[in-house]
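Down below is the structure, laid out as structure tokens.
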Amino acid sequence: MAGGLPEALAGVAGVSPRAATVLKRTRVTVVRAGELVVKAHEPGTAEAALNARLRAAAALPDLLLPPASDRALRVAGRLVTVWPAGEAVDPAGDPAAAPWEAAAGLLARLHATPAGGLGLPPAGGPDRVARALARLAGAPGAPAAAAAAVRRAARTLPAGGGTGTGLAHGDWHLGQIVRYRDRWLLIDVDDLGLGDPVWDLARPAAWYAAGLLDPELWHRLLSGYVSAGGPAVDAGDPWPELDRPARALTVQLAATAVAAAGEEGRPLDEAEQALVSSCGRITRAARRQ
């Protein structure tokens, strides 16, 4: 393992750097060390808000992977949290074999959980859209035509959004669950908080609308959510609630993709091009209204 932050995170877990594996190293660094996962959160993460989210995770162990401690550490100038290691969904596996129903049920139970008394800040979902657009604005070499298409779609989005007092994950997708002690639990509490729970369904809805999520898998997810009592959408027609956040998430995902392509000096891949094309459809639909 390279030195620096990953080495320091291995030290938090009490293992040699040679015995640890870097799982992620972007603005967030995650290291697996034996039966623990140690995470250095993004620079600028608010300590009080993160600690409130850790306390909520500890208070809801049937829904959220409980942290090793309900207070973040400071390591090498970063806020760091420690978690038990779970078994993630294989991103390269057969999508049809993924636990869509279990994931949907887990999300529905989270949304149905009373949030009073947890002391949580606002859910971070809507703010992620603004952060993605800010990243795109500062990305060197971002493909100009694609960036322009994303910005045009962003201008059609209503101001604000995501307000509410329900319990929301804030950045939900299938990679945000792990199997731990024979049950599926939610992970990554960085955006957990109070808000409109429908935003948690907006990312898979955006994938579906862009042609990146098979209709059958979208149906399994949505049906599983509704069957489990998920309160965020109407069982008969979910799109009146989903339309606005799904458009916002399309812009967020496309902005992130175009910015990453620029930063890495590469062309857009097929999935990224599909998201940009969806931005074009959002703009054309807004012009017809």
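Ordering of the structure tokens sets the chain letters (A, B, ...), residue numbers begin anew at 1 in every chain, and ligands are numbered from 1 in the order given.
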message: Report as a ChimeraX atom specification all protein, DNA and RNA residues lying within 9 Å of Gly119 of chain A, evaluated on only C-alpha atoms, omitting residues in the same chain fewer than 5 positions from it.
response: /A:52-53,55-56,193
task: Please provide the set of residues having any atom within 8 Å of Ser69 of chain A, restricted to only C-alpha atoms, with same-chain residues fewer than 5 positions apart removed, written as a PyMOL selection string.
output: chain A and resi 54+81-82
Produce a file of the selected residues containing C-alpha atoms, as an mmCIF file, in the first residue's frame.
```cif
data_model
loop_
_atom_site.group_PDB
_atom_site.id
_atom_site.type_symbol
_atom_site.label_atom_id
_atom_site.label_comp_id
_atom_site.auth_asym_id
_atom_site.auth_seq_id
_atom_site.Cartn_x
_atom_site.Cartn_y
_atom_site.Cartn_z
ATOM 1 C CA LEU A 54 -23.132 8.282 13.200
ATOM 2 C CA THR A 81 -14.945 6.761 10.701
ATOM 3 C CA VAL A 82 -14.552 3.040 11.383
#
```
- prompt: Looking at A:Trp83, A:Trp239, A:Trp218, A:Tyr208, which one is nearest to Ile187 of chain A, with distances taken over only C-alpha atoms?
  reply: A:Trp83
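Taking atom CA of Tyr225 of chain A as the reference point, atom CA of Arg247 of chain A is found at 20.3 Å.
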field: Residue neighbourhood Arg287 of chain A, 12 Å, only C-alpha atoms, exclusion window fewer than 3 positions, as a list of chain:residue names
entry: A:Arg152, A:Ala153, A:Arg155, A:Thr156, A:Gly280, A:Arg281, A:Ile282, A:Thr283, A:Arg284
Check which residues of segment 237-288 of chain A sit at most 9 Å from segment 196-201 of chain A using only C-alpha atoms, and return one row each with the closest pair of atoms and their distance in Å to one decimal, ordered by chain and rising number, as CSV.
```
residue,atom,partner,partner_atom,distance
A:Glu241,CA,A:Val198,CA,6.9
A:Leu242,CA,A:Val198,CA,6.5
A:Pro245,CA,A:Trp199,CA,5.7
A:Ala246,CA,A:Trp199,CA,7.7
A:Leu249,CA,A:Trp199,CA,8.5
```
task: Within 6 Å of Ala210 of chain A, counting only C-alpha atoms, which residues show up once you throw out same-chain ones fewer than 4 positions away? Write them as a PyMOL selection string, please.
output: chain A and resi 274-275+278
Selection file, N, CA and C atoms, as a tab-separated table (two decimals), in the first residue's frame:
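again-v9.tsv written:
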```tsv
chain	number	residue	atom	x	y	z
A	274	ALA	N	-25.15	8.52	-22.64
A	274	ALA	CA	-26.59	8.34	-22.46
A	274	ALA	C	-27.14	9.36	-21.45
A	275	LEU	N	-26.39	9.65	-20.42
A	275	LEU	CA	-26.82	10.65	-19.44
A	275	LEU	C	-26.87	12.04	-20.06
A	278	SER	N	-29.89	12.31	-22.14
A	278	SER	CA	-31.06	12.54	-21.29
A	278	SER	C	-31.19	14.01	-20.92
```
task: Using DSSP on the backbone coordinates, identify all residues within segment 64-219 of chain A classified as helix (DSSP H, G or I); present the result as a PyMOL selection string.
output: chain A and resi 95-97+100-112+125-137+144-155+174-176+199-209+215-219
task: Just the strand (DSSP E or B) stuff from segment 48-82 of chain A, please, per backbone DSSP, written as a ChimeraX atom specification.
output: /A:64,73-75,78-82
- prompt: Which polymer residues have any atom within 6 Å of an atom of Val80 of chain A, counting only C-alpha atoms, with same-chain residues fewer than 3 positions away left out, as JSON, numbers by chain?
  reply: {"A": [39, 40, 72, 73, 74]}
task: For His219 of chain A, list every protein, DNA or RNA residue within 12 Å, evaluated using only C-alpha atoms, and leave out those in the same chain fewer than 6 positions away; present the list as a list in words.
output: Ala96, Trp100, Glu101, Ala104, Pro204, Ala205, Tyr208, Leu213, Tyr225, Val226, Ser227, Ala235 and Pro238 of chain A
Include C-alpha atoms and write out the residues we just selected as a PDB file, in the first residue's frame.
```pdb
ATOM      1  CA  ALA A  96     -30.685  -9.613 -12.503  1.00  0.00           C
ATOM      2  CA  TRP A 100     -33.361  -5.637  -5.739  1.00  0.00           C
ATOM      3  CA  GLU A 101     -36.303  -6.672  -3.565  1.00  0.00           C
ATOM      4  CA  ALA A 104     -36.194  -1.917  -1.955  1.00  0.00           C
ATOM      5  CA  PRO A 204     -32.375   4.565 -10.225  1.00  0.00           C
ATOM      6  CA  ALA A 205     -35.276   6.463 -11.841  1.00  0.00           C
ATOM      7  CA  TYR A 208     -34.119   3.918 -16.022  1.00  0.00           C
ATOM      8  CA  LEU A 213     -31.386   0.349 -15.956  1.00  0.00           C
ATOM      9  CA  TYR A 225     -40.537  -0.626  -2.481  1.00  0.00           C
ATOM     10  CA  VAL A 226     -44.301  -0.171  -2.773  1.00  0.00           C
ATOM     11  CA  SER A 227     -45.031  -3.696  -1.493  1.00  0.00           C
ATOM     12  CA  ALA A 235     -48.390   2.906  -6.014  1.00  0.00           C
ATOM     13  CA  PRO A 238     -44.987   7.113  -9.133  1.00  0.00           C
TER      14      PRO A 238
END
```
